[in-house]
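Note: the block below is run.txt and it holds compact mmCIF, N, CA and C atoms.
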```txt
# COMPACT_ATOMS: atom_id res chain seq x y z
N MET A 1 65.02 -64.45 9.87
CA MET A 1 64.52 -63.94 11.13
C MET A 1 63.11 -63.41 10.91
N SER A 2 62.21 -63.64 11.82
CA SER A 2 60.85 -63.17 11.64
C SER A 2 60.74 -61.70 11.99
N ALA A 3 59.70 -61.07 11.47
CA ALA A 3 59.51 -59.65 11.70
C ALA A 3 59.32 -59.35 13.18
N LYS A 4 58.67 -60.26 13.90
CA LYS A 4 58.40 -59.95 15.29
C LYS A 4 59.61 -60.21 16.20
N SER A 5 60.68 -60.81 15.67
CA SER A 5 61.83 -61.09 16.51
C SER A 5 62.77 -59.91 16.63
N GLY A 6 62.68 -58.96 15.73
CA GLY A 6 63.56 -57.79 15.78
C GLY A 6 65.00 -58.21 15.66
N LEU A 7 65.86 -57.65 16.47
CA LEU A 7 67.28 -57.97 16.45
C LEU A 7 67.67 -58.81 17.65
N GLU A 8 66.75 -59.60 18.12
CA GLU A 8 66.96 -60.45 19.28
C GLU A 8 68.17 -61.36 19.10
N ASP A 9 68.98 -61.51 20.15
CA ASP A 9 70.12 -62.41 20.11
C ASP A 9 69.70 -63.71 20.78
N ASN A 10 69.62 -64.79 20.01
CA ASN A 10 69.19 -66.08 20.53
C ASN A 10 70.36 -67.01 20.78
N SER A 11 71.58 -66.51 20.80
CA SER A 11 72.73 -67.39 21.01
C SER A 11 72.76 -67.87 22.46
N THR A 12 73.33 -69.04 22.63
CA THR A 12 73.46 -69.62 23.96
C THR A 12 74.72 -69.10 24.62
N ASP A 13 74.95 -69.48 25.87
CA ASP A 13 76.12 -69.02 26.61
C ASP A 13 77.43 -69.40 25.92
N ASP A 14 77.43 -70.52 25.20
CA ASP A 14 78.67 -70.94 24.52
C ASP A 14 78.79 -70.35 23.12
N GLY A 15 77.88 -69.45 22.74
CA GLY A 15 77.96 -68.77 21.45
C GLY A 15 77.24 -69.47 20.33
N ASN A 16 76.76 -70.68 20.55
CA ASN A 16 76.02 -71.40 19.51
C ASN A 16 74.62 -70.82 19.37
N VAL A 17 74.15 -70.74 18.14
CA VAL A 17 72.79 -70.27 17.88
C VAL A 17 71.88 -71.49 17.76
N PRO A 18 70.84 -71.57 18.59
CA PRO A 18 69.93 -72.71 18.50
C PRO A 18 69.24 -72.77 17.15
N VAL A 19 69.00 -73.99 16.67
CA VAL A 19 68.34 -74.17 15.38
C VAL A 19 67.17 -75.14 15.52
N VAL A 20 66.25 -75.01 14.58
CA VAL A 20 65.12 -75.93 14.46
C VAL A 20 65.35 -76.69 13.15
N ARG A 21 65.51 -78.01 13.27
CA ARG A 21 65.75 -78.86 12.11
C ARG A 21 64.48 -79.65 11.79
N PHE A 22 64.19 -79.78 10.51
CA PHE A 22 63.02 -80.52 10.06
C PHE A 22 63.47 -81.74 9.28
N LEU A 23 62.95 -82.89 9.68
CA LEU A 23 63.35 -84.17 9.11
C LEU A 23 62.13 -84.91 8.59
N GLN A 24 62.40 -85.84 7.70
CA GLN A 24 61.42 -86.86 7.34
C GLN A 24 62.17 -88.16 7.47
N GLY A 25 61.97 -88.82 8.61
CA GLY A 25 62.82 -89.96 8.95
C GLY A 25 64.23 -89.46 9.21
N ALA A 26 65.22 -90.04 8.53
CA ALA A 26 66.62 -89.62 8.70
C ALA A 26 67.02 -88.50 7.74
N LYS A 27 66.12 -88.13 6.82
CA LYS A 27 66.44 -87.12 5.80
C LYS A 27 66.19 -85.71 6.33
N LEU A 28 67.23 -84.88 6.30
CA LEU A 28 67.10 -83.47 6.69
C LEU A 28 66.44 -82.71 5.55
N LEU A 29 65.28 -82.09 5.85
CA LEU A 29 64.55 -81.33 4.84
C LEU A 29 64.91 -79.85 4.86
N GLY A 30 65.31 -79.36 6.02
CA GLY A 30 65.68 -77.96 6.14
C GLY A 30 65.87 -77.60 7.59
N GLN A 31 66.43 -76.41 7.82
CA GLN A 31 66.61 -75.93 9.18
C GLN A 31 66.61 -74.42 9.17
N THR A 32 66.38 -73.85 10.35
CA THR A 32 66.35 -72.41 10.50
C THR A 32 66.79 -72.06 11.92
N ARG A 33 67.23 -70.83 12.10
CA ARG A 33 67.59 -70.36 13.44
C ARG A 33 66.35 -70.29 14.31
N LEU A 34 66.53 -70.61 15.58
CA LEU A 34 65.43 -70.48 16.54
C LEU A 34 65.09 -69.01 16.73
N VAL A 35 63.81 -68.70 16.61
CA VAL A 35 63.32 -67.36 16.89
C VAL A 35 62.37 -67.49 18.08
N ALA A 36 62.74 -66.90 19.20
CA ALA A 36 61.96 -67.02 20.43
C ALA A 36 60.51 -66.59 20.18
N GLY A 37 59.57 -67.43 20.59
CA GLY A 37 58.15 -67.12 20.48
C GLY A 37 57.50 -67.58 19.20
N ASP A 38 58.28 -67.96 18.17
CA ASP A 38 57.69 -68.45 16.93
C ASP A 38 57.28 -69.92 17.09
N THR A 39 56.19 -70.29 16.44
CA THR A 39 55.72 -71.67 16.47
C THR A 39 56.54 -72.53 15.53
N ILE A 40 56.33 -73.83 15.63
CA ILE A 40 56.99 -74.77 14.72
C ILE A 40 56.59 -74.47 13.28
N VAL A 41 55.32 -74.15 13.04
CA VAL A 41 54.85 -73.82 11.69
C VAL A 41 55.60 -72.61 11.15
N GLU A 42 55.78 -71.59 11.97
CA GLU A 42 56.49 -70.39 11.52
C GLU A 42 57.96 -70.70 11.22
N HIS A 43 58.57 -71.55 12.05
CA HIS A 43 59.95 -71.96 11.78
C HIS A 43 60.03 -72.77 10.48
N ALA A 44 59.06 -73.64 10.24
CA ALA A 44 59.04 -74.43 9.01
C ALA A 44 58.98 -73.51 7.79
N GLU A 45 58.12 -72.51 7.85
CA GLU A 45 58.02 -71.56 6.74
C GLU A 45 59.35 -70.85 6.51
N SER A 46 60.05 -70.49 7.58
CA SER A 46 61.36 -69.86 7.46
C SER A 46 62.38 -70.80 6.81
N ALA A 47 62.18 -72.10 6.99
CA ALA A 47 63.07 -73.10 6.41
C ALA A 47 62.63 -73.52 5.01
N GLY A 48 61.56 -72.89 4.50
CA GLY A 48 61.07 -73.20 3.16
C GLY A 48 60.19 -74.42 3.09
N LEU A 49 59.60 -74.82 4.24
CA LEU A 49 58.73 -76.00 4.29
C LEU A 49 57.31 -75.58 4.63
N LYS A 50 56.37 -76.40 4.20
CA LYS A 50 54.96 -76.15 4.49
C LYS A 50 54.42 -77.31 5.32
N ILE A 51 54.00 -77.02 6.54
CA ILE A 51 53.33 -78.02 7.37
C ILE A 51 51.84 -77.71 7.27
N PRO A 52 51.03 -78.69 6.88
CA PRO A 52 49.59 -78.43 6.75
C PRO A 52 48.98 -78.01 8.08
N THR A 53 48.12 -77.01 8.02
CA THR A 53 47.37 -76.55 9.19
C THR A 53 45.92 -76.37 8.80
N ASN A 54 45.07 -76.33 9.78
CA ASN A 54 43.66 -76.09 9.51
C ASN A 54 43.12 -75.08 10.52
N CYS A 55 43.11 -75.44 11.79
CA CYS A 55 42.48 -74.58 12.80
C CYS A 55 43.42 -73.54 13.38
N THR A 56 44.70 -73.81 13.40
CA THR A 56 45.76 -72.97 14.00
C THR A 56 45.55 -72.70 15.49
N SER A 57 44.78 -73.56 16.16
CA SER A 57 44.54 -73.38 17.60
C SER A 57 44.75 -74.66 18.40
N GLY A 58 45.20 -75.73 17.74
CA GLY A 58 45.43 -76.99 18.44
C GLY A 58 44.21 -77.87 18.55
N THR A 59 43.17 -77.53 17.86
CA THR A 59 41.92 -78.28 17.98
C THR A 59 41.84 -79.49 17.06
N CYS A 60 42.32 -79.36 15.82
CA CYS A 60 42.06 -80.40 14.83
C CYS A 60 43.14 -81.48 14.72
N GLY A 61 44.39 -81.15 15.01
CA GLY A 61 45.47 -82.13 14.91
C GLY A 61 46.07 -82.25 13.52
N THR A 62 45.63 -81.45 12.56
CA THR A 62 46.15 -81.51 11.20
C THR A 62 47.66 -81.30 11.15
N CYS A 63 48.19 -80.46 12.00
CA CYS A 63 49.60 -80.06 11.97
C CYS A 63 50.48 -80.91 12.87
N MET A 64 50.03 -82.08 13.28
CA MET A 64 50.79 -82.91 14.22
C MET A 64 52.11 -83.37 13.62
N VAL A 65 53.16 -83.23 14.42
CA VAL A 65 54.51 -83.65 14.06
C VAL A 65 55.08 -84.47 15.22
N THR A 66 56.26 -85.02 15.03
CA THR A 66 56.93 -85.79 16.08
C THR A 66 58.17 -85.05 16.53
N LEU A 67 58.26 -84.81 17.83
CA LEU A 67 59.45 -84.21 18.42
C LEU A 67 60.49 -85.30 18.60
N VAL A 68 61.60 -85.19 17.85
CA VAL A 68 62.66 -86.20 17.90
C VAL A 68 63.65 -85.87 19.01
N GLU A 69 64.00 -84.60 19.11
CA GLU A 69 65.00 -84.15 20.07
C GLU A 69 64.71 -82.71 20.45
N GLY A 70 64.96 -82.35 21.70
CA GLY A 70 64.78 -80.97 22.15
C GLY A 70 63.54 -80.80 23.00
N ASP A 71 63.11 -79.55 23.13
CA ASP A 71 62.01 -79.24 24.03
C ASP A 71 60.99 -78.32 23.37
N VAL A 72 59.75 -78.80 23.31
CA VAL A 72 58.60 -78.00 22.89
C VAL A 72 57.57 -78.18 23.99
N GLU A 73 57.39 -77.13 24.78
CA GLU A 73 56.48 -77.20 25.92
C GLU A 73 55.06 -77.59 25.50
N LEU A 74 54.42 -78.32 26.36
CA LEU A 74 53.01 -78.66 26.16
C LEU A 74 52.15 -77.71 26.99
N PRO A 75 50.96 -77.39 26.50
CA PRO A 75 50.07 -76.56 27.33
C PRO A 75 49.66 -77.34 28.58
N GLU A 76 49.33 -76.60 29.63
CA GLU A 76 48.93 -77.24 30.89
C GLU A 76 47.74 -78.17 30.69
N ILE A 77 46.77 -77.72 29.93
CA ILE A 77 45.62 -78.55 29.56
C ILE A 77 45.77 -78.87 28.08
N LEU A 78 45.83 -80.18 27.76
CA LEU A 78 46.02 -80.58 26.37
C LEU A 78 44.84 -80.12 25.51
N PRO A 79 45.13 -79.58 24.34
CA PRO A 79 44.06 -79.17 23.43
C PRO A 79 43.40 -80.42 22.83
N PRO A 80 42.23 -80.26 22.21
CA PRO A 80 41.53 -81.41 21.64
C PRO A 80 42.33 -82.19 20.60
N GLY A 81 43.31 -81.56 19.95
CA GLY A 81 44.10 -82.24 18.93
C GLY A 81 45.17 -83.17 19.48
N LEU A 82 45.35 -83.21 20.80
CA LEU A 82 46.36 -84.07 21.44
C LEU A 82 45.74 -84.84 22.59
N ASP A 83 46.29 -86.00 22.86
CA ASP A 83 45.89 -86.73 24.07
C ASP A 83 47.15 -87.36 24.68
N ASP A 84 47.01 -87.95 25.85
CA ASP A 84 48.16 -88.51 26.56
C ASP A 84 48.88 -89.58 25.74
N TYR A 85 48.12 -90.40 25.03
CA TYR A 85 48.71 -91.46 24.20
C TYR A 85 49.66 -90.86 23.17
N LEU A 86 49.22 -89.82 22.47
CA LEU A 86 50.04 -89.18 21.45
C LEU A 86 51.24 -88.45 22.06
N VAL A 87 51.03 -87.80 23.20
CA VAL A 87 52.12 -87.08 23.87
C VAL A 87 53.22 -88.07 24.27
N GLU A 88 52.84 -89.24 24.74
CA GLU A 88 53.82 -90.27 25.12
C GLU A 88 54.66 -90.70 23.92
N ARG A 89 54.13 -90.52 22.72
CA ARG A 89 54.84 -90.86 21.49
C ARG A 89 55.48 -89.63 20.85
N CYS A 90 55.65 -88.58 21.66
CA CYS A 90 56.35 -87.35 21.28
C CYS A 90 55.62 -86.50 20.25
N ALA A 91 54.30 -86.63 20.17
CA ALA A 91 53.51 -85.80 19.26
C ALA A 91 53.47 -84.36 19.79
N ARG A 92 53.53 -83.43 18.86
CA ARG A 92 53.35 -82.01 19.17
C ARG A 92 52.52 -81.40 18.06
N LEU A 93 51.77 -80.38 18.39
CA LEU A 93 50.98 -79.66 17.39
C LEU A 93 51.80 -78.45 16.96
N SER A 94 52.16 -78.43 15.69
CA SER A 94 53.09 -77.40 15.23
C SER A 94 52.46 -76.02 15.12
N CYS A 95 51.14 -75.93 15.12
CA CYS A 95 50.51 -74.60 15.05
C CYS A 95 50.57 -73.86 16.38
N ILE A 96 50.73 -74.60 17.48
CA ILE A 96 50.81 -73.95 18.79
C ILE A 96 52.11 -74.27 19.53
N GLY A 97 52.89 -75.23 19.02
CA GLY A 97 54.13 -75.64 19.67
C GLY A 97 55.24 -74.62 19.45
N ILE A 98 55.86 -74.20 20.55
CA ILE A 98 56.94 -73.21 20.48
C ILE A 98 58.22 -73.84 21.02
N PRO A 99 59.21 -74.05 20.14
CA PRO A 99 60.48 -74.62 20.60
C PRO A 99 61.21 -73.64 21.51
N SER A 100 61.94 -74.18 22.50
CA SER A 100 62.67 -73.30 23.42
C SER A 100 64.18 -73.49 23.34
N ASN A 101 64.63 -74.40 22.48
CA ASN A 101 66.06 -74.63 22.29
C ASN A 101 66.25 -75.36 20.97
N ASP A 102 67.44 -75.94 20.74
CA ASP A 102 67.64 -76.76 19.54
C ASP A 102 66.60 -77.86 19.52
N VAL A 103 65.93 -78.03 18.40
CA VAL A 103 64.97 -79.13 18.28
C VAL A 103 65.10 -79.79 16.92
N ASP A 104 64.81 -81.07 16.91
CA ASP A 104 64.67 -81.85 15.68
C ASP A 104 63.22 -82.28 15.61
N ILE A 105 62.59 -81.96 14.50
CA ILE A 105 61.17 -82.26 14.30
C ILE A 105 61.03 -83.17 13.08
N ASP A 106 60.38 -84.31 13.27
CA ASP A 106 59.99 -85.14 12.12
C ASP A 106 58.63 -84.63 11.69
N ILE A 107 58.51 -84.23 10.42
CA ILE A 107 57.27 -83.62 9.95
C ILE A 107 56.11 -84.61 9.91
N ARG A 108 56.41 -85.89 10.13
CA ARG A 108 55.34 -86.89 10.15
C ARG A 108 54.84 -87.09 11.59
N PRO A 109 53.55 -87.33 11.75
CA PRO A 109 53.04 -87.60 13.10
C PRO A 109 53.54 -88.96 13.58
N PRO A 110 53.50 -89.20 14.90
CA PRO A 110 53.94 -90.52 15.39
C PRO A 110 53.02 -91.61 14.86
N LEU A 111 53.61 -92.77 14.61
CA LEU A 111 52.82 -93.89 14.08
C LEU A 111 52.19 -94.67 15.20
```

Exercise: express the given structure as structure tokens:
Amino acid sequence: MSAKSGLEDNSTDDGNVPVVRFLQGAKLLGQTRLVAGDTIVEHAESAGLKIPTNCTSGTCGTCMVTLVEGDVELPEILPPGLDDYLVERCARLSCIGIPSNDVDIDIRPPL
């Protein structure tokens, strides 16, 4: 659990705790409990993984990953590191992407 999450209860109505899973293709690399407000990068660190970052503001695209399943909201105005073509291929920027439920993330950007 991250320091900023406190003792927050993230369980769903059915009692399940949402998780963020990190994959490379079909291989599960790690997973962690969803912490509301934490970015994909922060969740990766909690799972013992390192996603490369550079700008941490969505500008460079270094941290691009592929959303396989779940929901990671996009900003109203796409940052310079994303465009419509990449979004259509489920690209998300992990430095600014905040999961809102169970998600599966492929640590590789879309091809």

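A straight-line distance of 22.7 Å separates atom N of A:Gly37 from atom C of A:Pro80.
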
All residues 10 Å or closer to A:Gly58, only C-alpha atoms, same chain fewer than 4 positions away omitted, as a PyMOL selection string: chain A and resi 53-54+62-64+78-82+92-97

message: Could you list, as a list in words, every residue within 6 Å of A:Gln24, counting all atoms listed in the file and ignoring same-chain residues fewer than 3 positions away?
response: Lys27, Leu28, Leu29, Asp106, Ile107 and Arg108 of chain A

Okay, now the selection with N, CA and C atoms, as a PDB file, keeping the file's coordinate frame?
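What ended up in selection14.pdb:
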```pdb
ATOM      1  N   LYS A  27      66.120 -88.130   6.820  1.00  0.00           N
ATOM      2  CA  LYS A  27      66.440 -87.120   5.800  1.00  0.00           C
ATOM      3  C   LYS A  27      66.190 -85.710   6.330  1.00  0.00           C
ATOM      4  N   LEU A  28      67.230 -84.880   6.300  1.00  0.00           N
ATOM      5  CA  LEU A  28      67.100 -83.470   6.690  1.00  0.00           C
ATOM      6  C   LEU A  28      66.440 -82.710   5.550  1.00  0.00           C
ATOM      7  N   LEU A  29      65.280 -82.090   5.850  1.00  0.00           N
ATOM      8  CA  LEU A  29      64.550 -81.330   4.840  1.00  0.00           C
ATOM      9  C   LEU A  29      64.910 -79.850   4.860  1.00  0.00           C
ATOM     10  N   ASP A 106      60.380 -84.310  13.270  1.00  0.00           N
ATOM     11  CA  ASP A 106      59.990 -85.140  12.120  1.00  0.00           C
ATOM     12  C   ASP A 106      58.630 -84.630  11.690  1.00  0.00           C
ATOM     13  N   ILE A 107      58.510 -84.230  10.420  1.00  0.00           N
ATOM     14  CA  ILE A 107      57.270 -83.620   9.950  1.00  0.00           C
ATOM     15  C   ILE A 107      56.110 -84.610   9.910  1.00  0.00           C
ATOM     16  N   ARG A 108      56.410 -85.890  10.130  1.00  0.00           N
ATOM     17  CA  ARG A 108      55.340 -86.890  10.150  1.00  0.00           C
ATOM     18  C   ARG A 108      54.840 -87.090  11.590  1.00  0.00           C
TER      19      ARG A 108
END
```

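Taking atom N of A:Val72 and atom CA of A:Glu42 as endpoints, the distance between them is 14.8 Å.
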
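Reported to one decimal place, the separation of atom C of A:Asp38 from atom N of A:Ile77 is 18.3 Å.
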
- prompt: Could you pull out the alpha helix (DSSP H) residues of chain A from DSSP and send them as an NGL selection string?
  reply: :A and (40-46 or 84-88)

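Residues of chain A carrying a DSSP assignment of strand (DSSP E), computed from the backbone, are Val19, Val20, Arg21, Phe22, Leu23, Gln24, Lys27, Leu28, Leu29, Gly30, Gln31, Thr32, Arg33, Met64, Val65, Thr66, Leu67, Val68, Glu69, Ala91, Arg92, Leu93, Val103, Asp104, Ile105 and Asp106 of chain A.
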
So that I have them on file, write out the residues from the current selection with N, CA and C atoms, as a compact mmCIF listing (two decimals), in the frame of the given file.
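Listing of part-v6.txt after writing:
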```
# COMPACT_ATOMS: atom_id res chain seq x y z
N VAL A 19 69.00 -73.99 16.67
CA VAL A 19 68.34 -74.17 15.38
C VAL A 19 67.17 -75.14 15.52
N VAL A 20 66.25 -75.01 14.58
CA VAL A 20 65.12 -75.93 14.46
C VAL A 20 65.35 -76.69 13.15
N ARG A 21 65.51 -78.01 13.27
CA ARG A 21 65.75 -78.86 12.11
C ARG A 21 64.48 -79.65 11.79
N PHE A 22 64.19 -79.78 10.51
CA PHE A 22 63.02 -80.52 10.06
C PHE A 22 63.47 -81.74 9.28
N LEU A 23 62.95 -82.89 9.68
CA LEU A 23 63.35 -84.17 9.11
C LEU A 23 62.13 -84.91 8.59
N GLN A 24 62.40 -85.84 7.70
CA GLN A 24 61.42 -86.86 7.34
C GLN A 24 62.17 -88.16 7.47
N LYS A 27 66.12 -88.13 6.82
CA LYS A 27 66.44 -87.12 5.80
C LYS A 27 66.19 -85.71 6.33
N LEU A 28 67.23 -84.88 6.30
CA LEU A 28 67.10 -83.47 6.69
C LEU A 28 66.44 -82.71 5.55
N LEU A 29 65.28 -82.09 5.85
CA LEU A 29 64.55 -81.33 4.84
C LEU A 29 64.91 -79.85 4.86
N GLY A 30 65.31 -79.36 6.02
CA GLY A 30 65.68 -77.96 6.14
C GLY A 30 65.87 -77.60 7.59
N GLN A 31 66.43 -76.41 7.82
CA GLN A 31 66.61 -75.93 9.18
C GLN A 31 66.61 -74.42 9.17
N THR A 32 66.38 -73.85 10.35
CA THR A 32 66.35 -72.41 10.50
C THR A 32 66.79 -72.06 11.92
N ARG A 33 67.23 -70.83 12.10
CA ARG A 33 67.59 -70.36 13.44
C ARG A 33 66.35 -70.29 14.31
N MET A 64 50.03 -82.08 13.28
CA MET A 64 50.79 -82.91 14.22
C MET A 64 52.11 -83.37 13.62
N VAL A 65 53.16 -83.23 14.42
CA VAL A 65 54.51 -83.65 14.06
C VAL A 65 55.08 -84.47 15.22
N THR A 66 56.26 -85.02 15.03
CA THR A 66 56.93 -85.79 16.08
C THR A 66 58.17 -85.05 16.53
N LEU A 67 58.26 -84.81 17.83
CA LEU A 67 59.45 -84.21 18.42
C LEU A 67 60.49 -85.30 18.60
N VAL A 68 61.60 -85.19 17.85
CA VAL A 68 62.66 -86.20 17.90
C VAL A 68 63.65 -85.87 19.01
N GLU A 69 64.00 -84.60 19.11
CA GLU A 69 65.00 -84.15 20.07
C GLU A 69 64.71 -82.71 20.45
N ALA A 91 54.30 -86.63 20.17
CA ALA A 91 53.51 -85.80 19.26
C ALA A 91 53.47 -84.36 19.79
N ARG A 92 53.53 -83.43 18.86
CA ARG A 92 53.35 -82.01 19.17
C ARG A 92 52.52 -81.40 18.06
N LEU A 93 51.77 -80.38 18.39
CA LEU A 93 50.98 -79.66 17.39
C LEU A 93 51.80 -78.45 16.96
N VAL A 103 65.93 -78.03 18.40
CA VAL A 103 64.97 -79.13 18.28
C VAL A 103 65.10 -79.79 16.92
N ASP A 104 64.81 -81.07 16.91
CA ASP A 104 64.67 -81.85 15.68
C ASP A 104 63.22 -82.28 15.61
N ILE A 105 62.59 -81.96 14.50
CA ILE A 105 61.17 -82.26 14.30
C ILE A 105 61.03 -83.17 13.08
N ASP A 106 60.38 -84.31 13.27
CA ASP A 106 59.99 -85.14 12.12
C ASP A 106 58.63 -84.63 11.69
```

Kindly provide, as JSON, the centre and edge lengths (Å, one decimal) of an axis-aligned box around all atoms of stretch 68-82 of chain A given in the file, with 6 Å on each side.
```
{"center_x": 53.3, "center_y": -81.4, "center_z": 24.4, "size_x": 35.5, "size_y": 21.6, "size_z": 25.0}
```

message: Which polymer residues, whether protein, DNA or RNA, lie within 7 Å of the coordinate (59.8, -91.2, 21.5) when you count only N, CA and C atoms? List them as an MDAnalysis selection string, using the chain letters and numbers from the file.
response: chainID A and resid 67:68 88:90

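Minimum atom-to-atom distances from A:Asp71, A:Val41, A:Ala26, A:Val17 to A:Ser57 were compared using only C-alpha atoms, and the lowest value belongs to A:Val41.
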
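Taking only N, CA and C atoms into account, A:Asp104 lies nearest to A:Arg21 out of the set A:Arg21, A:Gly15, A:Ala47, A:Asp84.
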
message: Ranking A:Leu111, A:Val87, A:Leu74, A:Leu49 by minimum distance to A:Pro99 and counting only C-alpha atoms, which one comes first?
response: A:Leu74

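For the residues A:Leu86, A:Gly61, A:Gly25, A:Val20, ranking by smallest atom-to-atom distance to A:Ala44 using only N, CA and C atoms places A:Val20 first.
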